[in-house]
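J.: Input coords_9.pdb, format and content: PDB, C-alpha atoms.
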```pdb
ATOM      1  CA  MET A   1     139.471  71.770  98.022
ATOM      2  CA  ARG A   2     140.869  72.623  94.606
ATOM      3  CA  ARG A   3     144.017  74.417  93.574
ATOM      4  CA  VAL A   4     142.817  77.599  91.892
ATOM      5  CA  LEU A   5     145.015  80.093  90.055
ATOM      6  CA  ALA A   6     143.311  83.518  90.139
ATOM      7  CA  VAL A   7     144.793  86.003  87.669
ATOM      8  CA  ALA A   8     144.102  89.721  87.160
ATOM      9  CA  SER A   9     146.109  92.662  85.854
ATOM     10  CA  ALA A  10     146.471  95.699  88.118
ATOM     11  CA  GLY A  11     143.628  98.223  88.112
ATOM     12  CA  GLY A  12     140.001  97.425  87.396
ATOM     13  CA  HIS A  13     140.685  93.769  86.590
ATOM     14  CA  TRP A  14     142.208  93.222  90.041
ATOM     15  CA  GLU A  15     139.467  95.165  91.856
ATOM     16  CA  GLN A  16     136.854  92.958  90.180
ATOM     17  CA  LEU A  17     138.723  89.772  91.108
ATOM     18  CA  MET A  18     138.841  90.944  94.728
ATOM     19  CA  LEU A  19     135.056  91.260  94.748
ATOM     20  CA  LEU A  20     134.813  87.600  93.660
ATOM     21  CA  ARG A  21     137.006  86.339  96.525
ATOM     22  CA  PRO A  22     134.077  84.782  98.406
ATOM     23  CA  ALA A  23     134.001  82.177  95.612
ATOM     24  CA  LEU A  24     137.693  81.403  96.131
ATOM     25  CA  VAL A  25     138.251  81.359  99.894
ATOM     26  CA  ALA A  26     137.300  77.717 100.384
ATOM     27  CA  HIS A  27     140.083  76.629  98.023
ATOM     28  CA  ASP A  28     143.855  76.613  97.816
ATOM     29  CA  CYS A  29     144.087  79.809  95.798
ATOM     30  CA  LEU A  30     147.215  81.417  94.354
ATOM     31  CA  PHE A  31     146.691  84.994  93.155
ATOM     32  CA  VAL A  32     148.683  86.452  90.267
ATOM     33  CA  THR A  33     148.796  90.154  89.413
ATOM     34  CA  THR A  34     151.104  92.691  87.771
ATOM     35  CA  LEU A  35     151.798  95.313  90.441
ATOM     36  CA  ALA A  36     153.731  94.811  93.679
ATOM     37  CA  GLY A  37     151.810  95.949  96.737
ATOM     38  CA  LEU A  38     148.331  95.112  95.418
ATOM     39  CA  PRO A  39     147.996  91.695  97.102
ATOM     40  CA  GLU A  40     149.336  93.064 100.402
ATOM     41  CA  ARG A  41     146.814  95.896 100.335
ATOM     42  CA  ALA A  42     144.011  93.355  99.992
ATOM     43  CA  GLN A  43     145.518  91.084 102.681
ATOM     44  CA  VAL A  44     146.129  88.384 100.093
ATOM     45  CA  GLN A  45     148.800  86.061 101.522
ATOM     46  CA  LYS A  46     149.596  83.736  98.633
ATOM     47  CA  PHE A  47     150.511  85.520  95.432
ATOM     48  CA  GLU A  48     152.941  85.975  92.536
ATOM     49  CA  ILE A  49     153.757  89.128  90.559
ATOM     50  CA  VAL A  50     154.254  88.837  86.782
ATOM     51  CA  ARG A  51     155.263  91.379  84.137
ATOM     52  CA  ASP A  52     152.397  93.580  82.991
ATOM     53  CA  CYS A  53     151.784  93.470  79.255
ATOM     54  CA  ASN A  54     149.311  94.250  76.516
ATOM     55  CA  ALA A  55     149.030  93.312  72.863
ATOM     56  CA  ASP A  56     151.387  96.133  71.832
ATOM     57  CA  GLN A  57     154.209  94.887  74.074
ATOM     58  CA  LYS A  58     155.557  91.675  72.526
ATOM     59  CA  ALA A  59     158.714  91.425  74.668
ATOM     60  CA  ALA A  60     156.819  92.025  77.912
ATOM     61  CA  ALA A  61     154.212  89.465  76.853
ATOM     62  CA  LEU A  62     156.953  86.868  76.315
ATOM     63  CA  VAL A  63     158.414  87.552  79.771
ATOM     64  CA  CYS A  64     154.943  87.330  81.294
ATOM     65  CA  ALA A  65     154.252  84.045  79.473
ATOM     66  CA  ALA A  66     157.491  82.521  80.771
ATOM     67  CA  GLN A  67     156.684  83.618  84.328
ATOM     68  CA  MET A  68     153.155  82.246  84.025
ATOM     69  CA  ALA A  69     154.443  78.903  82.687
ATOM     70  CA  ALA A  70     156.771  78.587  85.677
ATOM     71  CA  ILE A  71     153.902  79.365  88.081
ATOM     72  CA  LEU A  72     151.661  76.778  86.388
ATOM     73  CA  LEU A  73     154.372  74.104  86.559
ATOM     74  CA  ARG A  74     154.945  74.736  90.254
ATOM     75  CA  PHE A  75     151.327  75.181  91.389
ATOM     76  CA  ARG A  76     149.549  72.743  89.027
ATOM     77  CA  PRO A  77     146.097  74.341  89.366
ATOM     78  CA  HIS A  78     142.895  72.387  88.732
ATOM     79  CA  LYS A  79     141.154  75.607  87.732
ATOM     80  CA  ILE A  80     142.132  79.059  86.515
ATOM     81  CA  VAL A  81     139.869  82.045  87.101
ATOM     82  CA  THR A  82     140.697  85.351  85.439
ATOM     83  CA  THR A  83     139.103  88.767  85.041
ATOM     84  CA  GLY A  84     141.705  89.755  82.405
ATOM     85  CA  ALA A  85     143.551  91.094  80.702
ATOM     86  CA  LEU A  86     146.413  89.651  78.557
ATOM     87  CA  PRO A  87     148.254  87.955  81.491
ATOM     88  CA  GLY A  88     144.994  86.168  82.322
ATOM     89  CA  LEU A  89     144.630  85.034  78.721
ATOM     90  CA  LEU A  90     148.210  83.731  78.773
ATOM     91  CA  ALA A  91     147.392  81.741  81.915
ATOM     92  CA  LEU A  92     144.416  80.114  80.179
ATOM     93  CA  VAL A  93     146.403  79.342  77.009
ATOM     94  CA  LEU A  94     149.344  77.826  78.909
ATOM     95  CA  GLY A  95     147.201  76.115  81.522
ATOM     96  CA  LYS A  96     144.896  74.267  79.158
ATOM     97  CA  PRO A  97     147.449  71.727  77.852
ATOM     98  CA  ALA A  98     148.425  71.097  81.471
ATOM     99  CA  GLY A  99     144.832  70.125  82.224
ATOM    100  CA  ALA A 100     143.726  73.274  84.051
ATOM    101  CA  GLN A 101     140.168  74.315  83.247
ATOM    102  CA  GLY A 102     139.850  78.041  82.697
ATOM    103  CA  LEU A 103     137.101  80.555  83.444
ATOM    104  CA  TRP A 104     137.268  83.899  81.654
ATOM    105  CA  ILE A 105     135.194  86.714  83.140
ATOM    106  CA  ASP A 106     135.270  89.702  80.807
ATOM    107  CA  SER A 107     135.604  93.055  82.571
ATOM    108  CA  VAL A 108     132.410  94.931  83.440
ATOM    109  CA  ALA A 109     134.012  97.837  81.536
ATOM    110  CA  ASN A 110     133.285  96.048  78.262
ATOM    111  CA  VAL A 111     129.707  97.213  78.036
ATOM    112  CA  GLU A 112     129.269  97.053  74.276
ATOM    113  CA  GLU A 113     131.549  94.238  73.117
ATOM    114  CA  LEU A 114     134.055  91.731  74.452
ATOM    115  CA  SER A 115     137.628  92.888  75.009
ATOM    116  CA  ALA A 116     140.182  91.729  72.429
ATOM    117  CA  ALA A 117     141.645  89.296  74.971
ATOM    118  CA  GLY A 118     138.139  88.175  75.898
ATOM    119  CA  ARG A 119     137.407  87.284  72.296
ATOM    120  CA  LEU A 120     140.531  85.119  72.070
ATOM    121  CA  ALA A 121     139.746  83.557  75.451
ATOM    122  CA  ARG A 122     136.609  81.932  73.986
ATOM    123  CA  ARG A 123     138.893  79.424  72.240
ATOM    124  CA  VAL A 124     140.679  78.235  75.365
ATOM    125  CA  ALA A 125     138.330  78.847  78.290
ATOM    126  CA  ALA A 126     136.252  75.923  79.603
ATOM    127  CA  GLN A 127     133.704  78.578  80.560
ATOM    128  CA  HIS A 128     133.395  82.127  79.273
ATOM    129  CA  MET A 129     131.404  84.907  80.880
ATOM    130  CA  THR A 130     130.645  88.540  80.136
ATOM    131  CA  GLN A 131     129.014  90.834  82.677
ATOM    132  CA  TRP A 132     126.454  92.149  80.199
ATOM    133  CA  PRO A 133     123.526  90.071  78.856
ATOM    134  CA  HIS A 134     123.442  91.779  75.447
ATOM    135  CA  VAL A 135     127.177  91.112  74.947
ATOM    136  CA  ALA A 136     126.655  87.454  75.888
ATOM    137  CA  GLU A 137     123.961  87.133  73.260
ATOM    138  CA  ALA A 138     125.880  88.950  70.522
ATOM    139  CA  GLU A 139     129.244  87.290  71.082
ATOM    140  CA  GLY A 140     128.543  83.719  72.157
ATOM    141  CA  SER A 141     129.410  84.147  75.816
ATOM    142  CA  ARG A 142     127.339  83.728  78.998
ATOM    143  CA  PHE A 143     125.876  86.248  81.398
ATOM    144  CA  GLU A 144     126.030  84.991  84.986
ATOM    145  CA  GLY A 145     125.855  88.226  86.949
ATOM    146  CA  ARG A 146     127.875  91.381  87.377
ATOM    147  CA  VAL A 147     130.162  92.853  90.045
ATOM    148  CA  LEU A 148     128.604  96.346  89.878
TER
ATOM    149  CA  MET B   1     142.181 118.101  99.088
ATOM    150  CA  ILE B   2     141.134 117.006  95.621
ATOM    151  CA  PHE B   3     142.674 113.749  94.395
ATOM    152  CA  ALA B   4     142.615 113.208  90.645
ATOM    153  CA  THR B   5     143.569 109.888  89.047
ATOM    154  CA  VAL B   6     143.688 108.653  85.453
ATOM    155  CA  GLY B   7     144.753 105.036  86.023
ATOM    156  CA  THR B   8     147.981 103.477  84.845
ATOM    157  CA  GLN B   9     147.495 102.919  81.129
ATOM    158  CA  LEU B  10     147.381 106.301  79.444
ATOM    159  CA  PRO B  11     147.791 109.997  80.295
ATOM    160  CA  PHE B  12     144.685 112.178  80.046
ATOM    161  CA  PRO B  13     145.778 115.682  78.916
ATOM    162  CA  ARG B  14     142.246 117.113  78.732
ATOM    163  CA  LEU B  15     141.635 116.297  82.388
ATOM    164  CA  ALA B  16     145.083 117.700  83.259
ATOM    165  CA  GLY B  17     144.014 120.944  81.576
ATOM    166  CA  TYR B  18     140.809 121.095  83.622
ATOM    167  CA  LEU B  19     142.864 120.615  86.793
ATOM    168  CA  GLN B  20     145.220 123.437  85.780
ATOM    169  CA  ALA B  21     142.267 125.757  85.320
ATOM    170  CA  ILE B  22     140.755 124.741  88.660
ATOM    171  CA  SER B  23     144.073 125.270  90.476
ATOM    172  CA  ARG B  24     144.224 128.850  89.162
ATOM    173  CA  SER B  25     140.857 129.794  90.624
ATOM    174  CA  SER B  26     140.918 127.846  93.890
ATOM    175  CA  ASP B  27     143.175 127.467  96.921
ATOM    176  CA  GLU B  28     142.208 123.861  97.498
ATOM    177  CA  GLU B  29     145.145 121.459  97.304
ATOM    178  CA  ILE B  30     145.140 119.166  94.258
ATOM    179  CA  VAL B  31     147.046 115.884  94.089
ATOM    180  CA  PHE B  32     147.174 114.348  90.611
ATOM    181  CA  GLN B  33     148.181 110.835  89.582
ATOM    182  CA  SER B  34     148.831 111.641  85.949
ATOM    183  CA  ALA B  35     150.235 108.482  84.250
ATOM    184  CA  ASP B  36     152.525 111.000  82.533
ATOM    185  CA  PRO B  37     156.134 111.363  83.770
ATOM    186  CA  HIS B  38     156.561 114.522  81.657
ATOM    187  CA  TRP B  39     153.639 116.536  82.941
ATOM    188  CA  SER B  40     154.217 119.025  85.730
ATOM    189  CA  SER B  41     152.528 122.010  87.300
ATOM    190  CA  GLU B  42     153.481 124.560  89.929
ATOM    191  CA  ALA B  43     150.139 124.540  91.647
ATOM    192  CA  ILE B  44     149.421 120.803  91.535
ATOM    193  CA  LYS B  45     151.225 117.953  93.305
ATOM    194  CA  VAL B  46     151.843 115.510  90.487
ATOM    195  CA  CYS B  47     152.808 111.878  90.704
ATOM    196  CA  ALA B  48     152.904 109.852  87.465
ATOM    197  CA  PHE B  49     152.250 106.550  89.245
ATOM    198  CA  MET B  50     151.668 105.635  92.880
ATOM    199  CA  PRO B  51     152.211 102.402  94.798
ATOM    200  CA  PRO B  52     148.917 100.841  95.977
ATOM    201  CA  GLU B  53     149.261 101.920  99.613
ATOM    202  CA  ALA B  54     149.984 105.552  98.697
ATOM    203  CA  PHE B  55     147.118 105.505  96.224
ATOM    204  CA  ASP B  56     144.685 104.356  98.896
ATOM    205  CA  ALA B  57     146.077 106.948 101.328
ATOM    206  CA  ALA B  58     145.451 109.743  98.800
ATOM    207  CA  PHE B  59     141.888 108.488  98.293
ATOM    208  CA  ARG B  60     141.257 108.464 102.036
ATOM    209  CA  GLN B  61     142.592 111.991 102.551
ATOM    210  CA  ALA B  62     140.655 113.540  99.673
ATOM    211  CA  ARG B  63     137.480 115.588 100.066
ATOM    212  CA  VAL B  64     136.518 114.468  96.590
ATOM    213  CA  ILE B  65     137.977 112.219  93.857
ATOM    214  CA  ILE B  66     138.163 113.133  90.180
ATOM    215  CA  GLY B  67     138.823 110.110  87.981
ATOM    216  CA  HIS B  68     138.586 108.792  84.464
ATOM    217  CA  ALA B  69     135.738 106.333  83.921
ATOM    218  CA  GLY B  70     137.879 103.302  84.800
ATOM    219  CA  ILE B  71     136.350 100.437  86.750
ATOM    220  CA  GLY B  72     139.334 100.416  89.119
ATOM    221  CA  THR B  73     138.637 104.028  90.038
ATOM    222  CA  VAL B  74     134.914 103.414  90.533
ATOM    223  CA  LEU B  75     135.443 100.311  92.682
ATOM    224  CA  THR B  76     138.171 101.993  94.746
ATOM    225  CA  ALA B  77     135.934 105.006  95.448
ATOM    226  CA  ARG B  78     133.199 102.654  96.637
ATOM    227  CA  ARG B  79     135.575 100.462  98.637
ATOM    228  CA  LEU B  80     136.919 103.557 100.447
ATOM    229  CA  ARG B  81     133.570 105.387 100.439
ATOM    230  CA  ARG B  82     134.765 108.615  98.811
ATOM    231  CA  PRO B  83     132.729 111.044  96.630
ATOM    232  CA  LEU B  84     133.595 110.444  92.972
ATOM    233  CA  ILE B  85     133.370 112.623  89.871
ATOM    234  CA  ILE B  86     134.277 110.861  86.636
ATOM    235  CA  VAL B  87     135.413 112.422  83.384
ATOM    236  CA  PRO B  88     135.086 109.698  80.712
ATOM    237  CA  ARG B  89     137.809 109.393  78.106
ATOM    238  CA  SER B  90     136.572 109.990  74.592
ATOM    239  CA  PHE B  91     137.575 107.785  71.671
ATOM    240  CA  ALA B  92     136.714 110.614  69.257
ATOM    241  CA  LEU B  93     139.296 112.813  71.013
ATOM    242  CA  GLY B  94     141.926 110.068  70.877
ATOM    243  CA  GLU B  95     141.850 109.531  74.643
ATOM    244  CA  HIS B  96     141.483 105.728  74.597
ATOM    245  CA  ARG B  97     141.614 102.732  72.269
ATOM    246  CA  ASN B  98     137.824 102.560  72.046
ATOM    247  CA  ASP B  99     134.785 104.261  73.529
ATOM    248  CA  HIS B 100     134.199 101.889  76.453
ATOM    249  CA  GLN B 101     134.607 104.688  79.025
ATOM    250  CA  MET B 102     131.673 106.553  77.498
ATOM    251  CA  ALA B 103     129.665 103.321  77.710
ATOM    252  CA  THR B 104     130.721 102.865  81.343
ATOM    253  CA  ALA B 105     129.711 106.456  82.100
ATOM    254  CA  THR B 106     126.327 105.893  80.466
ATOM    255  CA  GLN B 107     125.804 102.786  82.599
ATOM    256  CA  LEU B 108     126.815 104.677  85.753
ATOM    257  CA  ALA B 109     124.749 107.779  84.974
ATOM    258  CA  SER B 110     121.922 106.601  87.215
ATOM    259  CA  ALA B 111     124.207 105.872  90.193
ATOM    260  CA  SER B 112     123.530 108.533  92.821
ATOM    261  CA  ASP B 113     127.029 108.261  94.323
ATOM    262  CA  ILE B 114     128.866 109.169  91.104
ATOM    263  CA  ALA B 115     128.808 112.472  89.219
ATOM    264  CA  ILE B 116     129.748 112.577  85.556
ATOM    265  CA  ALA B 117     131.493 115.616  84.088
ATOM    266  CA  THR B 118     132.264 116.017  80.418
ATOM    267  CA  ASP B 119     133.705 119.545  80.401
ATOM    268  CA  ALA B 120     135.326 122.112  82.690
ATOM    269  CA  GLY B 121     131.988 123.682  83.598
ATOM    270  CA  SER B 122     130.273 120.492  84.715
ATOM    271  CA  LEU B 123     133.431 119.476  86.579
ATOM    272  CA  ARG B 124     133.423 122.761  88.537
ATOM    273  CA  ALA B 125     129.747 122.354  89.339
ATOM    274  CA  ALA B 126     130.300 118.792  90.582
ATOM    275  CA  LEU B 127     133.267 119.906  92.716
ATOM    276  CA  ALA B 128     131.065 122.533  94.375
ATOM    277  CA  HIS B 129     128.397 119.916  95.146
ATOM    278  CA  PRO B 130     130.016 116.462  95.175
ATOM    279  CA  PRO B 131     127.798 113.383  95.208
ATOM    280  CA  GLU B 132     127.152 111.501  98.429
ATOM    281  CA  PRO B 133     129.281 108.328  98.570
ATOM    282  CA  MET B 134     127.442 105.131  99.438
ATOM    283  CA  GLY B 135     130.291 102.649  99.692
ATOM    284  CA  ASP B 136     130.201  99.151  98.290
ATOM    285  CA  GLN B 137     126.644  97.770  98.264
ATOM    286  CA  SER B 138     127.368  94.233  96.975
ATOM    287  CA  PRO B 139     124.389  94.053  94.588
ATOM    288  CA  PRO B 140     122.428  90.796  94.040
ATOM    289  CA  GLU B 141     123.950  90.476  90.558
ATOM    290  CA  ARG B 142     127.365  90.164  92.213
ATOM    291  CA  GLN B 143     126.129  87.394  94.528
ATOM    292  CA  ARG B 144     124.918  85.576  91.439
ATOM    293  CA  LEU B 145     128.340  85.921  89.744
ATOM    294  CA  ILE B 146     130.134  84.716  92.889
ATOM    295  CA  ALA B 147     127.849  81.663  92.993
ATOM    296  CA  SER B 148     128.600  80.935  89.324
ATOM    297  CA  VAL B 149     132.358  81.175  89.897
ATOM    298  CA  ALA B 150     132.052  78.910  92.963
ATOM    299  CA  GLY B 151     130.063  76.446  90.851
ATOM    300  CA  PHE B 152     132.710  76.450  88.127
ATOM    301  CA  ILE B 153     135.458  75.695  90.633
ATOM    302  CA  ALA B 154     133.494  72.910  92.285
ATOM    303  CA  ALA B 155     132.462  71.258  88.989
TER
END
```
How does this structure look as structure tokens?
T.:
Amino acid sequence: MRRVLAVASAGGHWEQLMLLRPALVAHDCLFVTTLAGLPERAQVQKFEIVRDCNADQKAAALVCAAQMAAILLRFRPHKIVTTGALPGLLALVLGKPAGAQGLWIDSVANVEELSAAGRLARRVAAQHMTQWPHVAEAEGSRFEGRVL
Amino acid sequence: MIFATVGTQLPFPRLAGYLQAISRSSDEEIVFQSADPHWSSEAIKVCAFMPPEAFDAAFRQARVIIGHAGIGTVLTARRLRRPLIIVPRSFALGEHRNDHQMATATQLASASDIAIATDAGSLRAALAHPPEPMGDQSPPERQRLIASVAGFIAA
């Protein structure tokens, strides 16, 4: 059993992560999202809420990064799995020096190209996936299946 | 009841306009999650944002869902097995940061449980004959992705 930090922003990112739960249930998994009430709705017991942020919100991103660093220090995950967006990228960036291997799964919404966060995630993720084969080929990622 | 939702990131004024027009010519109740605290309407019950439980409750009560082409909306409609009509946001009209919703709509065009409307006329037609929901089918491609994620964790 591994300690797995599973990170997804509210909305489509979170819904996609929920569909991947069968891969996580055998492990000690801590879920992180950005909207109170989401984990409860999905009957997720072990979770943390962090500040939502995007690339246009520098202050919120700093708060989110600090929260994520505190979570990483406490939980010490072996692996980080994220379906995006910026909070997931922050988890990978902060987790890597602490020895946590990261998996980035770009949202199925990014049909034509990687998301901006997904592009940056290539530098820090131990494994990087897109849900579209043509995007994998064009952008140096991997196609390993799709939630839809 | 018609439940319309545009997600949490950006308002969607064009869709709000369609809903206004529909409310004028129909008695059916419309509930609208607008992502816009400044938008209001006499005929439409508007809520800028909704907590997750209330959002699910609105989905469950609705005869039909009208949404933007967000993956969260699509997956929620399938999870709760509700008929879904999507109106994709257009980059050309300044409705999103890029045109990924058009690409999503193109990818979903063959799905029999989702109708795609791009103007008021096609939205009205879809409301009159909503698609048949099929729920979440867990396609083989998802099983493959789950196996890959499980493999990554175990490695």
J.: For the file shown, report as a count of residues only the outcome of the PyMOL selection byres ((chain A and resi 14) around 10) at residue level.
T.: 28
J.: Once the ChimeraX specification (/B :<7) & /A has been applied to the shown file, what residues remain in the selection, as an MDAnalysis selection string?
T.: chainID A and resid 11:12 15 20 22:24 37:38 41 79 109:111 144:148
J.: To test the calculation: enclose all listed atoms of stretch 67-81 of chain B in a box whose edges run along x, y and z, add 8 Å on each side, then state centre and edge lengths in Å to one decimal, as lines of an AutoDock Vina configuration file.
T.:
```
center_x = 136.3
center_y = 105.2
center_z = 92.2
size_x = 22.1
size_y = 25.8
size_z = 32.5
```
J.: Provide the atom CA of B:Thr118 to atom CA of B:Arg24 distance in Å, to one decimal place.
T.: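 So the two atoms, atom CA of B:Thr118 and atom CA of B:Arg24, lie 19.6 Å apart.
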J.: Taking the file above as input, evaluate the PyMOL selection byres ((chain B and resi 82) around 10) and report the hits as a PyMOL selection string.
T.: chain B and resi 59-65+74+76-81+83-85+113-114+130-135
J.: Any idea what's packed within 9 Å of stretch 120-129 of chain B, counting all atoms listed in the file, ignoring anything in its chain fewer than 2 positions away? Could you give it as a PyMOL selection string?
T.: chain B and resi 2+15+17-19+21-22+64+66+85-87+115-118+131
J.: Rounded to one decimal, what separation in Å do you get between atom CA of A:Lys46 and atom CA of A:Phe75?
T.: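 Interatomic distance here is 11.3 Å.
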J.: Could you jot down the atom CA of A:Asp52 to atom CA of B:Phe32 separation for me, Å, one decimal place?
T.: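 Taking atom CA of A:Asp52 and atom CA of B:Phe32, their separation equals 22.7 Å.
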J.: Quick one: residues within 12 Å of A:Gly118, all atoms listed in the file counted, chain neighbours fewer than 5 positions away excluded, as an mmCIF file with C-alpha atoms, in the coordinates of the input?
T.:
```
data_model
loop_
_atom_site.group_PDB
_atom_site.id
_atom_site.type_symbol
_atom_site.label_atom_id
_atom_site.label_comp_id
_atom_site.auth_asym_id
_atom_site.auth_seq_id
_atom_site.Cartn_x
_atom_site.Cartn_y
_atom_site.Cartn_z
ATOM 1 C CA THR A 82 140.697 85.351 85.439
ATOM 2 C CA THR A 83 139.103 88.767 85.041
ATOM 3 C CA GLY A 84 141.705 89.755 82.405
ATOM 4 C CA ALA A 85 143.551 91.094 80.702
ATOM 5 C CA LEU A 86 146.413 89.651 78.557
ATOM 6 C CA PRO A 87 148.254 87.955 81.491
ATOM 7 C CA GLY A 88 144.994 86.168 82.322
ATOM 8 C CA LEU A 89 144.630 85.034 78.721
ATOM 9 C CA LEU A 90 148.210 83.731 78.773
ATOM 10 C CA LEU A 92 144.416 80.114 80.179
ATOM 11 C CA LEU A 103 137.101 80.555 83.444
ATOM 12 C CA TRP A 104 137.268 83.899 81.654
ATOM 13 C CA ILE A 105 135.194 86.714 83.140
ATOM 14 C CA ASP A 106 135.270 89.702 80.807
ATOM 15 C CA SER A 107 135.604 93.055 82.571
ATOM 16 C CA VAL A 108 132.410 94.931 83.440
ATOM 17 C CA ALA A 109 134.012 97.837 81.536
ATOM 18 C CA ASN A 110 133.285 96.048 78.262
ATOM 19 C CA GLU A 113 131.549 94.238 73.117
ATOM 20 C CA ARG A 123 138.893 79.424 72.240
ATOM 21 C CA VAL A 124 140.679 78.235 75.365
ATOM 22 C CA ALA A 125 138.330 78.847 78.290
ATOM 23 C CA GLN A 127 133.704 78.578 80.560
ATOM 24 C CA HIS A 128 133.395 82.127 79.273
ATOM 25 C CA MET A 129 131.404 84.907 80.880
ATOM 26 C CA THR A 130 130.645 88.540 80.136
ATOM 27 C CA GLN A 131 129.014 90.834 82.677
ATOM 28 C CA VAL A 135 127.177 91.112 74.947
ATOM 29 C CA ALA A 136 126.655 87.454 75.888
ATOM 30 C CA GLU A 139 129.244 87.290 71.082
ATOM 31 C CA GLY A 140 128.543 83.719 72.157
ATOM 32 C CA SER A 141 129.410 84.147 75.816
#
```
J.: Residues near B:Ala16, anyone? I mean within 10 Å using only C-alpha atoms, not counting same-chain ones fewer than 5 positions away, as a PDB file with C-alpha atoms, keeping the file's coordinate frame.
T.:
```
ATOM      1  CA  ALA B   4     142.615 113.208  90.645  1.00  0.00           C
ATOM      2  CA  THR B   5     143.569 109.888  89.047  1.00  0.00           C
ATOM      3  CA  VAL B   6     143.688 108.653  85.453  1.00  0.00           C
ATOM      4  CA  PRO B  11     147.791 109.997  80.295  1.00  0.00           C
ATOM      5  CA  ALA B  21     142.267 125.757  85.320  1.00  0.00           C
ATOM      6  CA  ILE B  22     140.755 124.741  88.660  1.00  0.00           C
ATOM      7  CA  PHE B  32     147.174 114.348  90.611  1.00  0.00           C
ATOM      8  CA  GLN B  33     148.181 110.835  89.582  1.00  0.00           C
ATOM      9  CA  SER B  34     148.831 111.641  85.949  1.00  0.00           C
ATOM     10  CA  TRP B  39     153.639 116.536  82.941  1.00  0.00           C
ATOM     11  CA  SER B  40     154.217 119.025  85.730  1.00  0.00           C
ATOM     12  CA  SER B  41     152.528 122.010  87.300  1.00  0.00           C
ATOM     13  CA  ILE B  44     149.421 120.803  91.535  1.00  0.00           C
TER      14      ILE B  44
END
```
